[in-house]
file start08.txt (compact mmCIF, C-alpha atoms and all ligand atoms)
# COMPACT_ATOMS: atom_id res chain seq x y z
CA MET A 1 3.91 16.17 -2.06
CA THR A 2 2.26 14.70 1.00
CA PRO A 3 0.65 11.25 1.13
CA THR A 4 -3.00 10.73 0.28
CA HIS A 5 -3.49 7.35 1.95
CA HIS A 6 -3.18 7.38 5.75
CA PRO A 7 -3.40 4.90 8.62
CA ALA A 8 -6.93 4.54 10.01
CA GLU A 9 -7.71 6.57 13.11
CA ASP A 10 -7.52 3.56 15.45
CA PHE A 11 -3.88 3.01 14.42
CA LEU A 12 -3.05 6.59 15.31
CA VAL A 13 -4.92 6.41 18.64
CA ALA A 14 -3.13 3.18 19.57
CA TYR A 15 0.21 4.66 18.51
CA ALA A 16 -0.34 7.81 20.57
CA ALA A 17 -1.52 5.77 23.55
CA GLY A 18 1.44 3.39 23.29
CA THR A 19 -0.70 0.29 22.86
CA LEU A 20 0.25 -0.44 19.24
CA PRO A 21 2.79 -3.30 18.89
CA GLU A 22 6.29 -2.36 17.83
CA ALA A 23 6.11 -3.57 14.20
CA SER A 24 2.91 -1.61 13.50
CA SER A 25 4.31 1.37 15.39
CA LEU A 26 7.37 1.29 13.16
CA ILE A 27 5.36 1.51 9.95
CA VAL A 28 3.00 4.15 11.39
CA ALA A 29 5.88 6.31 12.67
CA THR A 30 7.72 5.99 9.36
CA HIS A 31 4.56 7.13 7.58
CA MET A 32 4.38 10.06 10.03
CA ALA A 33 7.90 11.13 9.01
CA LEU A 34 6.48 11.62 5.51
CA CYS A 35 3.07 12.95 6.58
CA PRO A 36 2.71 16.25 8.46
CA ASP A 37 -1.06 15.64 8.74
CA CYS A 38 -0.70 12.43 10.72
CA ARG A 39 2.05 14.00 12.85
CA ALA A 40 -0.36 16.78 13.75
CA GLU A 41 -3.10 14.27 14.48
CA VAL A 42 -0.81 12.26 16.77
CA ARG A 43 0.17 15.49 18.55
CA ARG A 44 -3.53 16.12 19.18
CA LEU A 45 -4.01 12.56 20.39
CA GLU A 46 -1.01 12.89 22.72
CA ALA A 47 -2.58 16.05 24.09
CA LEU A 48 -5.69 13.94 24.64
CA GLY A 49 -3.52 11.45 26.56
CA GLY A 50 -2.20 14.31 28.67
CA ALA A 51 -5.71 15.56 29.38
CA LEU A 52 -6.94 12.08 30.28
CA LEU A 53 -3.95 11.65 32.61
CA ALA A 54 -4.76 14.98 34.27
CA ASP A 55 -8.31 13.72 34.86
CA MET A 56 -7.28 10.38 36.38
CA PRO A 57 -8.36 9.69 39.94
CA GLU A 58 -5.53 9.78 42.47
CA ALA A 59 -4.30 6.41 43.78
CA PRO A 60 -2.16 6.45 46.93
CA VAL A 61 1.53 5.68 46.40
CA ALA A 62 3.99 4.17 48.89
CA ASP A 63 5.22 6.62 51.53
CA ASP A 64 8.86 6.05 50.67
CA LEU A 65 8.49 6.41 46.89
CA LEU A 66 9.68 10.01 46.84
CA ALA A 67 12.66 9.08 49.02
CA SER A 68 13.60 6.24 46.63
CA ILE A 69 13.43 8.67 43.74
CA PHE A 70 15.75 11.11 45.47
CA ALA A 71 18.10 8.25 46.35
CA GLN A 72 18.23 7.26 42.69
CA LEU A 73 18.82 10.84 41.62
CA GLU A 74 21.80 11.03 43.93
CA SER A 75 23.36 7.80 42.66
CA PRO A 76 25.55 7.95 39.54
CA GLN A 77 23.57 8.14 36.33
CA PRO A 78 23.54 4.89 34.36
CA LYS A 79 24.24 5.01 30.66
CA VAL A 80 21.08 5.67 28.68
CA GLY A 81 19.79 3.03 26.31
CA PRO A 82 18.96 3.51 22.64
CA ILE A 83 15.29 4.42 22.45
CA GLY A 84 14.87 6.11 19.10
CA GLY A 85 14.09 9.70 18.31
CA ASP A 86 12.16 11.94 20.61
CA GLY A 87 9.09 12.38 18.43
CA GLY A 88 9.30 16.11 18.92
CA LEU A 89 8.21 16.10 22.56
CA GLY A 90 11.73 15.74 23.92
CA VAL A 91 10.91 12.69 26.00
CA ALA A 92 12.97 9.82 24.58
CA VAL A 93 16.11 8.80 26.38
CA ALA A 94 18.62 8.90 23.56
CA ARG A 95 18.81 9.00 19.82
CA ARG A 96 20.48 6.41 17.67
CA PRO A 97 23.21 7.81 15.48
CA ALA A 98 21.90 7.80 11.93
CA LYS A 99 23.78 8.94 8.91
CA ALA A 100 21.58 10.98 6.65
CA SER A 101 21.67 13.64 3.98
CA ALA A 102 19.21 15.53 1.84
CA ARG A 103 19.27 12.57 -0.55
CA THR A 104 18.23 10.09 2.10
CA VAL A 105 15.36 7.87 0.93
CA ILE A 106 14.52 5.91 4.08
CA PRO A 107 13.33 8.15 6.92
CA GLU A 108 13.71 7.53 10.62
CA PRO A 109 12.68 5.56 12.55
CA LEU A 110 12.96 2.86 9.86
CA ARG A 111 16.53 3.83 8.91
CA GLY A 112 17.71 3.15 12.45
CA TYR A 113 16.07 -0.29 12.41
CA LEU A 114 17.65 -1.10 9.04
CA GLY A 115 20.99 0.36 10.05
CA CYS A 116 21.43 2.04 6.67
CA ASP A 117 19.75 3.98 3.91
CA LEU A 118 18.46 2.37 0.71
CA ASP A 119 21.89 2.23 -0.95
CA GLY A 120 23.24 0.06 1.86
CA VAL A 121 20.49 -2.57 1.74
CA ARG A 122 21.60 -6.12 0.89
CA TRP A 123 18.69 -7.59 -0.99
CA SER A 124 17.85 -11.20 -1.41
CA LYS A 125 15.81 -12.40 -4.33
CA VAL A 126 12.32 -13.74 -3.67
CA ILE A 127 11.13 -14.30 -7.21
CA ARG A 128 12.02 -12.69 -10.50
CA GLY A 129 11.70 -8.94 -10.13
CA VAL A 130 11.00 -9.04 -6.40
CA ASP A 131 13.64 -8.72 -3.67
CA GLU A 132 13.35 -8.35 0.05
CA VAL A 133 15.31 -7.80 3.21
CA SER A 134 13.92 -8.50 6.63
CA VAL A 135 13.90 -5.68 9.16
CA PRO A 136 14.82 -6.69 12.71
CA CYS A 137 12.00 -5.53 14.96
CA GLY A 138 10.61 -6.52 18.32
CA PRO A 139 12.17 -8.21 21.33
CA ALA A 140 15.31 -10.15 20.43
CA GLY A 141 14.56 -13.79 19.77
CA GLY A 142 10.79 -13.27 19.55
CA GLY A 143 10.18 -15.12 16.32
CA ALA A 144 6.41 -15.40 16.51
CA GLY A 145 5.65 -11.73 15.89
CA PRO A 146 4.71 -10.11 12.62
CA LYS A 147 7.14 -10.14 9.74
CA VAL A 148 8.67 -6.80 8.84
CA ARG A 149 10.33 -6.57 5.45
CA LEU A 150 11.55 -4.05 2.99
CA MET A 151 10.50 -5.09 -0.51
CA ARG A 152 11.82 -4.01 -3.88
CA ILE A 153 9.58 -4.61 -6.84
CA ARG A 154 11.28 -3.89 -10.13
CA ALA A 155 9.66 -1.26 -12.38
CA GLY A 156 6.68 -2.67 -14.25
CA THR A 157 6.70 -5.97 -12.34
CA ALA A 158 3.43 -7.55 -11.27
CA MET A 159 3.53 -9.26 -7.89
CA PRO A 160 1.99 -12.71 -7.82
CA ARG A 161 -1.71 -12.54 -6.99
CA HIS A 162 -2.15 -13.24 -3.29
CA THR A 163 -4.33 -13.01 -0.21
CA HIS A 164 -3.40 -12.85 3.43
CA GLY A 165 -4.35 -15.04 6.31
CA GLY A 166 -4.02 -11.95 8.47
CA SER A 167 -3.45 -8.30 7.81
CA GLU A 168 -0.79 -6.64 5.72
CA LEU A 169 0.37 -3.07 6.18
CA THR A 170 2.31 -1.48 3.36
CA LEU A 171 4.12 1.83 3.21
CA VAL A 172 5.50 3.06 -0.11
CA LEU A 173 8.96 4.60 0.28
CA SER A 174 9.97 5.06 -3.34
CA GLY A 175 8.33 4.65 -6.72
CA GLY A 176 4.73 3.53 -6.69
CA PHE A 177 2.35 0.67 -7.33
CA SER A 178 -1.24 0.08 -8.30
CA ASP A 179 -3.71 -2.60 -7.46
CA GLU A 180 -7.46 -3.05 -7.73
CA THR A 181 -7.99 -0.48 -4.96
CA GLY A 182 -5.83 2.41 -6.17
CA HIS A 183 -2.48 3.94 -7.02
CA PHE A 184 0.03 4.45 -4.20
CA LEU A 185 3.09 6.68 -4.04
CA ARG A 186 5.82 7.64 -1.54
CA GLY A 187 4.37 7.96 1.95
CA ASP A 188 1.10 6.20 1.15
CA PHE A 189 -0.05 3.72 3.79
CA VAL A 190 -2.18 0.77 2.74
CA ALA A 191 -3.85 -1.73 5.05
CA THR A 192 -5.29 -4.94 3.63
CA ASP A 193 -6.93 -7.76 5.48
CA GLY A 194 -7.25 -11.44 4.76
CA SER A 195 -10.21 -11.00 2.47
CA VAL A 196 -8.41 -8.97 -0.18
CA ASP A 197 -7.10 -10.92 -3.12
CA HIS A 198 -4.91 -8.45 -4.92
CA GLN A 199 -2.18 -8.14 -7.47
CA PRO A 200 0.04 -5.10 -6.97
CA VAL A 201 1.90 -3.87 -10.07
CA ALA A 202 4.92 -1.58 -9.72
CA ASP A 203 4.85 1.63 -11.76
CA ASP A 204 6.74 1.53 -15.02
CA ASP A 205 9.08 4.42 -14.36
CA ALA A 206 10.97 3.26 -11.26
CA ASP A 207 11.47 0.38 -8.84
CA CYS A 208 8.93 0.37 -6.04
CA ILE A 209 10.36 0.19 -2.52
CA CYS A 210 7.86 -0.69 0.22
CA LEU A 211 7.89 -1.50 3.87
CA ALA A 212 5.54 -4.41 4.57
CA VAL A 213 4.32 -5.69 7.91
CA THR A 214 2.44 -8.98 7.71
CA ASP A 215 1.07 -10.94 10.59
CA ALA A 216 0.51 -14.09 8.58
CA PRO A 217 2.20 -15.54 5.53
CA LEU A 218 0.94 -14.42 2.16
CA ARG A 219 -1.00 -17.00 0.20
CA LEU A 220 -0.40 -16.90 -3.50
CA THR A 221 -3.62 -17.44 -5.38
CA GLY A 222 -2.84 -17.02 -9.08
CA PRO A 223 -2.11 -20.05 -11.30
CA LEU A 224 1.62 -19.38 -11.05
CA GLY A 225 1.28 -18.67 -7.37
CA ARG A 226 -0.28 -22.01 -6.63
CA LEU A 227 2.64 -23.61 -8.39
CA ILE A 228 5.40 -21.79 -6.53
CA ASN A 229 3.62 -21.36 -3.20
CA PRO A 230 5.29 -24.31 -1.46
CA PHE A 231 8.72 -22.97 -2.35
CA VAL A 232 8.32 -19.34 -1.46
CA SER A 233 8.08 -18.36 2.14
CA PHE A 234 6.84 -14.82 1.75
CA MET B 1 -13.07 40.35 34.00
CA ASP B 2 -10.39 38.44 32.19
CA ARG B 3 -10.31 35.42 34.46
CA LYS B 4 -8.76 32.35 32.96
CA PRO B 5 -10.75 29.13 33.25
CA THR B 6 -9.61 26.94 36.12
CA ASP B 7 -8.29 24.19 33.84
CA GLN B 8 -6.02 26.70 32.22
CA VAL B 9 -4.81 28.01 35.56
CA GLU B 10 -3.91 24.43 36.46
CA VAL B 11 -2.13 23.85 33.14
CA ASP B 12 -0.12 27.05 33.66
CA ARG B 13 0.73 26.09 37.24
CA LEU B 14 2.04 22.64 36.22
CA ASN B 15 3.99 24.05 33.26
CA ALA B 16 5.60 26.59 35.58
CA LEU B 17 6.57 23.85 38.04
CA LEU B 18 8.17 21.79 35.30
CA LEU B 19 10.09 24.83 34.04
CA ARG B 20 11.40 25.33 37.58
CA VAL B 21 12.45 21.67 37.71
CA ALA B 22 14.50 22.38 34.57
CA ARG B 23 16.44 24.84 36.77
CA GLN B 24 16.99 22.05 39.34
CA ASP B 25 14.36 23.37 41.77
CA ARG B 26 13.71 20.55 44.25
CA GLN B 27 10.63 22.12 45.78
CA ALA B 28 8.98 22.31 42.39
CA PHE B 29 9.94 18.68 41.78
CA VAL B 30 8.30 17.59 45.03
CA ALA B 31 5.14 19.50 44.11
CA LEU B 32 5.10 17.83 40.67
CA PHE B 33 5.60 14.45 42.29
CA HIS B 34 2.66 14.97 44.64
CA HIS B 35 0.49 16.02 41.74
CA PHE B 36 1.44 13.39 39.19
CA ALA B 37 2.50 10.26 41.08
CA PRO B 38 -1.04 9.33 42.28
CA ARG B 39 -2.49 10.03 38.83
CA LEU B 40 0.27 8.08 37.11
CA LYS B 41 -0.41 5.22 39.45
CA SER B 42 -4.06 4.88 38.49
CA PHE B 43 -3.17 5.46 34.84
CA LEU B 44 -0.53 2.68 34.88
CA GLN B 45 -2.77 0.31 36.79
CA LYS B 46 -5.55 0.92 34.33
CA MET B 47 -3.04 -0.05 31.65
CA GLY B 48 -2.47 -3.38 33.35
CA ALA B 49 0.50 -2.81 35.65
CA ASP B 50 0.26 -4.17 39.20
CA ALA B 51 0.89 -1.78 42.09
CA GLY B 52 4.56 -2.69 42.41
CA ALA B 53 5.32 -2.37 38.71
CA ALA B 54 3.35 0.89 38.57
CA GLU B 55 5.49 2.42 41.31
CA GLU B 56 8.70 1.25 39.63
CA ILE B 57 7.57 2.94 36.44
CA ILE B 58 6.59 6.09 38.36
CA GLN B 59 10.09 6.15 39.83
CA ASP B 60 11.54 5.83 36.31
CA VAL B 61 9.25 8.55 35.05
CA MET B 62 10.07 11.00 37.84
CA VAL B 63 13.80 10.38 37.46
CA SER B 64 13.42 11.15 33.73
CA VAL B 65 11.40 14.24 34.60
CA TRP B 66 14.23 15.55 36.78
CA ARG B 67 16.97 14.69 34.29
CA ARG B 68 15.20 15.77 31.13
CA ALA B 69 13.14 18.73 32.30
CA GLU B 70 15.37 21.13 30.37
CA SER B 71 14.07 19.64 27.10
CA PHE B 72 10.47 20.48 28.10
CA ASP B 73 9.12 23.13 25.75
CA PRO B 74 5.72 24.52 26.77
CA THR B 75 5.08 25.62 23.17
CA LEU B 76 5.09 21.94 22.09
CA ALA B 77 3.17 20.25 24.89
CA THR B 78 1.69 20.87 28.30
CA ALA B 79 3.40 19.37 31.35
CA SER B 80 0.66 16.70 31.54
CA THR B 81 1.17 15.71 27.91
CA TRP B 82 4.94 15.67 28.30
CA ILE B 83 4.76 13.47 31.39
CA PHE B 84 2.08 11.28 29.79
CA ALA B 85 4.47 10.65 26.87
CA ILE B 86 7.34 9.75 29.21
CA ALA B 87 5.11 7.37 31.18
CA ARG B 88 3.82 5.78 27.99
CA ASN B 89 7.37 5.19 26.74
CA ARG B 90 8.69 3.90 30.07
CA ARG B 91 5.79 1.51 30.25
CA ILE B 92 6.48 0.12 26.76
CA ASP B 93 10.10 -0.23 27.79
CA ARG B 94 9.53 -2.02 31.05
CA LEU B 95 6.36 -4.01 30.64
CA ARG B 96 6.45 -4.86 26.97
CA GLN B 97 10.24 -4.75 26.61
CA GLU B 98 9.86 -3.23 23.20
CA ARG B 99 11.33 -0.16 21.64
CA ARG B 100 9.07 2.69 20.68
CA PRO B 101 9.71 3.83 17.11
CA GLU B 102 9.39 7.63 16.91
CA VAL B 103 9.76 10.30 14.30
CA ASP B 104 13.09 12.14 14.44
CA PRO B 105 12.22 15.82 13.99
CA ASP B 106 15.79 16.58 12.82
CA ASP B 107 15.86 13.86 10.15
CA PRO B 108 16.67 15.38 6.73
CA ALA B 109 14.30 12.81 5.18
CA LEU B 110 11.38 14.20 7.22
CA VAL B 111 8.68 16.00 5.23
CA PRO B 112 8.48 19.26 7.21
CA ASP B 113 5.34 20.82 8.69
CA PRO B 114 3.80 23.42 6.43
CA GLU B 115 2.72 25.66 9.27
CA ASP B 116 4.54 28.58 10.81
CA PRO B 117 5.06 27.72 14.48
CA ALA B 118 5.16 31.37 15.61
CA ASP B 119 1.87 31.40 17.50
CA ARG B 120 2.14 27.77 18.50
CA ALA B 121 2.16 28.50 22.23
CA LEU B 122 -1.10 30.42 22.05
CA LEU B 123 -2.74 27.71 19.97
CA LEU B 124 -1.58 25.07 22.39
CA GLU B 125 -2.97 26.95 25.36
CA GLU B 126 -6.35 27.35 23.69
CA GLU B 127 -6.30 23.77 22.53
CA SER B 128 -5.60 22.25 25.91
CA GLU B 129 -8.33 24.34 27.49
CA ARG B 130 -10.88 23.30 24.88
CA LEU B 131 -9.75 19.70 25.10
CA HIS B 132 -10.30 19.51 28.86
CA ARG B 133 -13.74 20.98 28.46
CA ALA B 134 -14.61 18.70 25.54
CA ILE B 135 -13.66 15.53 27.41
CA ARG B 136 -15.97 16.51 30.25
CA LEU B 137 -18.79 17.20 27.82
CA LEU B 138 -18.56 13.85 26.06
CA PRO B 139 -21.55 11.57 26.60
CA PRO B 140 -20.51 9.13 29.35
CA GLU B 141 -20.58 6.06 27.10
CA GLN B 142 -18.23 7.74 24.63
CA ALA B 143 -15.88 8.94 27.36
CA ASP B 144 -15.86 5.46 28.86
CA LEU B 145 -14.88 3.81 25.58
CA LEU B 146 -12.34 6.50 24.88
CA ARG B 147 -10.58 5.82 28.18
CA MET B 148 -10.68 2.09 27.52
CA ALA B 149 -9.31 2.45 24.01
CA TYR B 150 -6.71 4.85 25.24
CA PHE B 151 -5.54 3.43 28.50
CA GLU B 152 -6.21 -0.25 28.43
CA ASP B 153 -4.01 -2.27 26.23
CA LYS B 154 -7.03 -3.78 24.54
CA ALA B 155 -8.15 -4.34 21.04
CA HIS B 156 -11.50 -2.86 20.05
CA SER B 157 -12.82 -6.40 19.83
CA ALA B 158 -11.86 -7.03 23.48
CA ILE B 159 -13.60 -3.81 24.54
CA ALA B 160 -16.67 -4.94 22.65
CA THR B 161 -16.71 -8.26 24.49
CA GLU B 162 -16.16 -6.66 27.88
CA ARG B 163 -18.83 -4.00 27.42
CA ASN B 164 -21.12 -6.48 25.72
CA LEU B 165 -21.42 -4.28 22.65
CA PRO B 166 -21.19 -5.15 18.98
CA LEU B 167 -17.74 -4.34 17.56
CA GLY B 168 -19.33 -1.92 15.11
CA THR B 169 -20.87 0.05 17.99
CA VAL B 170 -17.54 0.32 19.78
CA LYS B 171 -15.87 1.54 16.62
CA SER B 172 -18.59 4.05 15.80
CA ARG B 173 -18.75 5.45 19.36
CA LEU B 174 -15.01 5.88 19.37
CA ARG B 175 -15.14 7.53 16.01
CA LEU B 176 -17.86 9.88 17.28
CA ALA B 177 -15.88 10.75 20.40
CA LEU B 178 -12.77 11.49 18.39
CA ALA B 179 -14.69 13.46 15.80
CA ARG B 180 -16.14 15.58 18.58
CA LEU B 181 -12.77 16.22 20.13
CA ARG B 182 -11.27 17.00 16.77
CA LYS B 183 -14.01 19.47 16.03
CA VAL B 184 -13.38 21.12 19.37
CA LEU B 185 -9.68 21.32 18.66
CA GLY B 186 -10.37 22.73 15.26
CA GLU B 187 -8.51 21.49 12.24
CA GLU B 188 -7.50 25.01 11.23
CA GLN B 189 -3.98 24.70 12.54
ZN ZN C 301 -0.80 10.44 7.09
call {"tool": "encode", "arguments": {"input": "start08.txt", "output": "structure tokens"}}
result
Amino acid sequence: MTPTHHPAEDFLVAYAAGTLPEASSLIVATHMALCPDCRAEVRRLEALGGALLADMPEAPVADDLLASIFAQLESPQPKVGPIGGDGGLGVAVARRPAKASARTVIPEPLRGYLGCDLDGVRWSKVIRGVDEVSVPCGPAGGGAGPKVRLMRIRAGTAMPRHTHGGSELTLVLSGGFSDETGHFLRGDFVATDGSVDHQPVADDDADCICLAVTDAPLRLTGPLGRLINPFVSF
Amino acid sequence: MDRKPTDQVEVDRLNALLLRVARQDRQAFVALFHHFAPRLKSFLQKMGADAGAAEEIIQDVMVSVWRRAESFDPTLATASTWIFAIARNRRIDRLRQERRPEVDPDDPALVPDPEDPADRALLLEEESERLHRAIRLLPPEQADLLRMAYFEDKAHSAIATERNLPLGTVKSRLRLALARLRKVLGEEQ
């Protein structure tokens, strides 16, 4: 089954253009691994990038640029850095080794960021029924960026009611959840902004595993939430 | 009278050059350099690189073109698109110092494409031809916003401020431009 909730067009344009920040790109690309429709759309948008490049005016380059390029080509080839998969166009420099099998739950590129599949994740408890692990993403040491986390919400558990100071992007990887806006299953991509006060509830039949990218801390708004808010740094 | 449109002749010419580069043909490489380097320079400068940084990235890109040309597959992308994608990734690498998360087409967890790729090359050729034409036929204000959204590392809100347009107008013009292009490309594939 393919997902029914997709990233908005401007996410896909920014991803294809390379202007989307890394954390949002990670969640969009992981959705694409599960969504042939969005992969096809990004291929079209990359073709658009190619066509726009072909139409660019010509700016003069330094006379010795070609010579420098040949000089570099003649020098020994440096080791290539780890730059993820090649997205199907064959342009990335190298691919991270990633163990996987037909039973793999977490697709690339997220699996490479996590360093393991779901069974290798070391969870830490947030509140009863909710665990998380943070996903290292972005330039090393850059602590101000968005928070990227894998969340596990136990079957049937209701998350505390909350709003966001900024936006929250969620991608369901296993199980499903519902909130006031709909029911979301594996591959579904949900974007919420600060104005949404919602209470996601995991489906009864399985734990719900989600990737969440938040650019501001969640604010718990329910009666319980207000009580525990100061203690929980979501 | 089966003349191919000029855009398509150009696409074929560049693809052929890149395929020759895959066989280590230096002359073809020089021709590709003369075609793409000046376009890459204005593209990278439009995306916020200064002249020096732009030329460093062009050098990176052309070195990657030489070393990775054998992975170019004209049934997946045109030479322009392939080089655009390299330049985009090198730019993220060098200017933003971020990684670019990408789908791994060989990942067993990937949900595969439903389509049969047999006539992919033909579709791609038609698509790129229609795309070139469609971009030229866009109303200027849509084309302008499209280039800004695409090439300038700017949020829609920043474009709105710069063009002195309401955010809603920017979003709806972009949506119109993309809808037009999508219609031209056909969703049938
Ligand atoms: Zn999708």
call {"tool": "residues_around", "arguments": {"input": "start08.txt", "residues": "region 52-62 of chain A", "least_positions_apart": "5", "cutoff": "7 Å", "atoms": "all atoms listed in the file", "output": "VMD selection string"}}
result
chain B and resid 38 to 39 41 to 43 80 84
call {"tool": "axis_aligned_box", "arguments": {"input": "start08.txt", "around": "region 108-124 of chain A", "padding_each_side": "3 Å", "output": "AutoDock Vina command-line options"}}
result
--center_x 18.0 --center_y -1.8 --center_z 5.6 --size_x 16.6 --size_y 24.7 --size_z 20.0
call {"tool": "residues_near_ligand", "arguments": {"input": "start08.txt", "ligand": "ligand ZN 301 (chain C)", "cutoff": "10 Å", "atoms": "only C-alpha atoms and all ligand atoms", "output": "PyMOL selection string"}}
result
chain A and resi 2-9+12+28-42+187-189
call {"tool": "residues_around", "arguments": {"input": "start08.txt", "residues": "Val170 (chain B)", "least_positions_apart": "6", "cutoff": "12 Å", "atoms": "all atoms listed in the file", "output": "MDAnalysis selection string"}}
result
(chainID A and resid 10) or (chainID B and resid 141:146 148:149 155:164 176:177)
call {"tool": "write_last_selection", "arguments": {"input": "start08.txt", "atoms": "C-alpha atoms", "output": "PDB file, keeping the file's coordinate frame"}}
result
ATOM      1  CA  ASP A  10      -7.520   3.560  15.450  1.00  0.00           C
TER       2      ASP A  10
ATOM      3  CA  GLU B 141     -20.580   6.060  27.100  1.00  0.00           C
ATOM      4  CA  GLN B 142     -18.230   7.740  24.630  1.00  0.00           C
ATOM      5  CA  ALA B 143     -15.880   8.940  27.360  1.00  0.00           C
ATOM      6  CA  ASP B 144     -15.860   5.460  28.860  1.00  0.00           C
ATOM      7  CA  LEU B 145     -14.880   3.810  25.580  1.00  0.00           C
ATOM      8  CA  LEU B 146     -12.340   6.500  24.880  1.00  0.00           C
ATOM      9  CA  MET B 148     -10.680   2.090  27.520  1.00  0.00           C
ATOM     10  CA  ALA B 149      -9.310   2.450  24.010  1.00  0.00           C
ATOM     11  CA  ALA B 155      -8.150  -4.340  21.040  1.00  0.00           C
ATOM     12  CA  HIS B 156     -11.500  -2.860  20.050  1.00  0.00           C
ATOM     13  CA  SER B 157     -12.820  -6.400  19.830  1.00  0.00           C
ATOM     14  CA  ALA B 158     -11.860  -7.030  23.480  1.00  0.00           C
ATOM     15  CA  ILE B 159     -13.600  -3.810  24.540  1.00  0.00           C
ATOM     16  CA  ALA B 160     -16.670  -4.940  22.650  1.00  0.00           C
ATOM     17  CA  THR B 161     -16.710  -8.260  24.490  1.00  0.00           C
ATOM     18  CA  GLU B 162     -16.160  -6.660  27.880  1.00  0.00           C
ATOM     19  CA  ARG B 163     -18.830  -4.000  27.420  1.00  0.00           C
ATOM     20  CA  ASN B 164     -21.120  -6.480  25.720  1.00  0.00           C
ATOM     21  CA  LEU B 176     -17.860   9.880  17.280  1.00  0.00           C
ATOM     22  CA  ALA B 177     -15.880  10.750  20.400  1.00  0.00           C
TER      23      ALA B 177
END
call {"tool": "atom_distance", "arguments": {"input": "start08.txt", "atom1": "CA of Phe177 (chain A)", "atom2": "CA of Ala16 (chain A)"}}
result
28.9 Å
call {"tool": "atom_distance", "arguments": {"input": "start08.txt", "atom1": "CA of Glu70 (chain B)", "atom2": "CA of Arg91 (chain B)"}}
result
21.8 Å
call {"tool": "closest_residue", "arguments": {"input": "start08.txt", "among": "A:Leu185, A:Leu73, A:Leu45, A:Leu150", "to": "Lys125 (chain A)", "atoms": "only C-alpha atoms"}}
result
A:Leu150
call {"tool": "atom_distance", "arguments": {"input": "start08.txt", "atom1": "CA of Thr181 (chain A)", "atom2": "CA of Val213 (chain A)"}}
result
18.6 Å
call {"tool": "closest_atom_pairs", "arguments": {"input": "start08.txt", "of": "chain B", "to": "chain A", "cutoff": "7 Å", "atoms": "all atoms listed in the file", "output": "Markdown table"}}
result
| residue | atom | partner | partner_atom | distance |
| --- | --- | --- | --- | --- |
| B:Pro38 | CA | A:Glu58 | CA | 4.5 |
| B:Arg39 | CA | A:Glu58 | CA | 4.7 |
| B:Lys41 | CA | A:Ala59 | CA | 5.9 |
| B:Ser42 | CA | A:Ala59 | CA | 5.5 |
| B:Phe43 | CA | A:Met56 | CA | 6.6 |
| B:Gln59 | CA | A:Ile69 | CA | 5.7 |
| B:Val63 | CA | A:Ile69 | CA | 6.5 |
| B:Ser71 | CA | A:Gly90 | CA | 5.5 |
| B:Phe72 | CA | A:Gly90 | CA | 6.4 |
| B:Leu76 | CA | A:Leu89 | CA | 6.6 |
| B:Ala77 | CA | A:Leu89 | CA | 6.9 |
| B:Ser80 | CA | A:Gly50 | CA | 4.7 |
| B:Thr81 | CA | A:Gly50 | CA | 3.7 |
| B:Trp82 | CA | A:Leu89 | CA | 6.6 |
| B:Phe84 | CA | A:Gly50 | CA | 5.4 |
| B:Ala85 | CA | A:Val91 | CA | 6.8 |
| B:Ile86 | CA | A:Val91 | CA | 5.6 |
| B:Arg88 | CA | A:Gly18 | CA | 5.8 |
| B:Ile92 | CA | A:Gly18 | CA | 6.9 |
| B:Gln97 | CA | A:Pro139 | CA | 6.6 |
| B:Glu98 | CA | A:Pro139 | CA | 5.8 |
| B:Arg99 | CA | A:Ile83 | CA | 6.1 |
| B:Arg100 | CA | A:Glu22 | CA | 6.4 |
| B:Pro101 | CA | A:Leu26 | CA | 5.2 |
| B:Glu102 | CA | A:Gly87 | CA | 5.0 |
| B:Val103 | CA | A:Gly87 | CA | 4.7 |
| B:Asp104 | CA | A:Gly85 | CA | 4.7 |
| B:Pro105 | CA | A:Gly88 | CA | 5.7 |
| B:Asp107 | CA | A:Glu108 | CA | 6.7 |
| B:Pro108 | CA | A:Ala102 | CA | 5.5 |
| B:Ala109 | CA | A:Pro107 | CA | 5.1 |
| B:Leu110 | CA | A:Ala33 | CA | 5.0 |
| B:Val111 | CA | A:Leu34 | CA | 4.9 |
| B:Pro112 | CA | A:Pro36 | CA | 6.6 |
| B:Asp113 | CA | A:Pro36 | CA | 5.3 |
| B:His132 | CA | A:Ala51 | CA | 6.1 |
| B:Tyr150 | CA | A:Ala17 | CA | 5.5 |
| B:Phe151 | CA | A:Ala17 | CA | 6.8 |
| B:Asp153 | CA | A:Thr19 | CA | 5.4 |
call {"tool": "residues_around", "arguments": {"input": "start08.txt", "residues": "Ala87 (chain B)", "least_positions_apart": "3", "cutoff": "8 Å", "atoms": "only C-alpha atoms", "output": "CSV table (one decimal) with C-alpha atoms, in the coordinates of the input"}}
result
chain,number,residue,atom,x,y,z
B,40,LEU,CA,0.3,8.1,37.1
B,57,ILE,CA,7.6,2.9,36.4
B,58,ILE,CA,6.6,6.1,38.4
B,61,VAL,CA,9.2,8.6,35.0
B,83,ILE,CA,4.8,13.5,31.4
B,84,PHE,CA,2.1,11.3,29.8
B,90,ARG,CA,8.7,3.9,30.1
B,91,ARG,CA,5.8,1.5,30.2
call {"tool": "closest_residue", "arguments": {"input": "start08.txt", "among": "B:Ala69, B:Leu44, B:Leu124, B:Ala22", "to": "Asn89 (chain B)", "atoms": "all atoms listed in the file"}}
result
B:Leu44
call {"tool": "residues_around", "arguments": {"input": "start08.txt", "residues": "Leu19 (chain B)", "least_positions_apart": "3", "cutoff": "10 Å", "atoms": "all atoms listed in the file", "output": "MDAnalysis selection string"}}
result
chainID B and resid 13:16 22:25 28:29 69:74 79
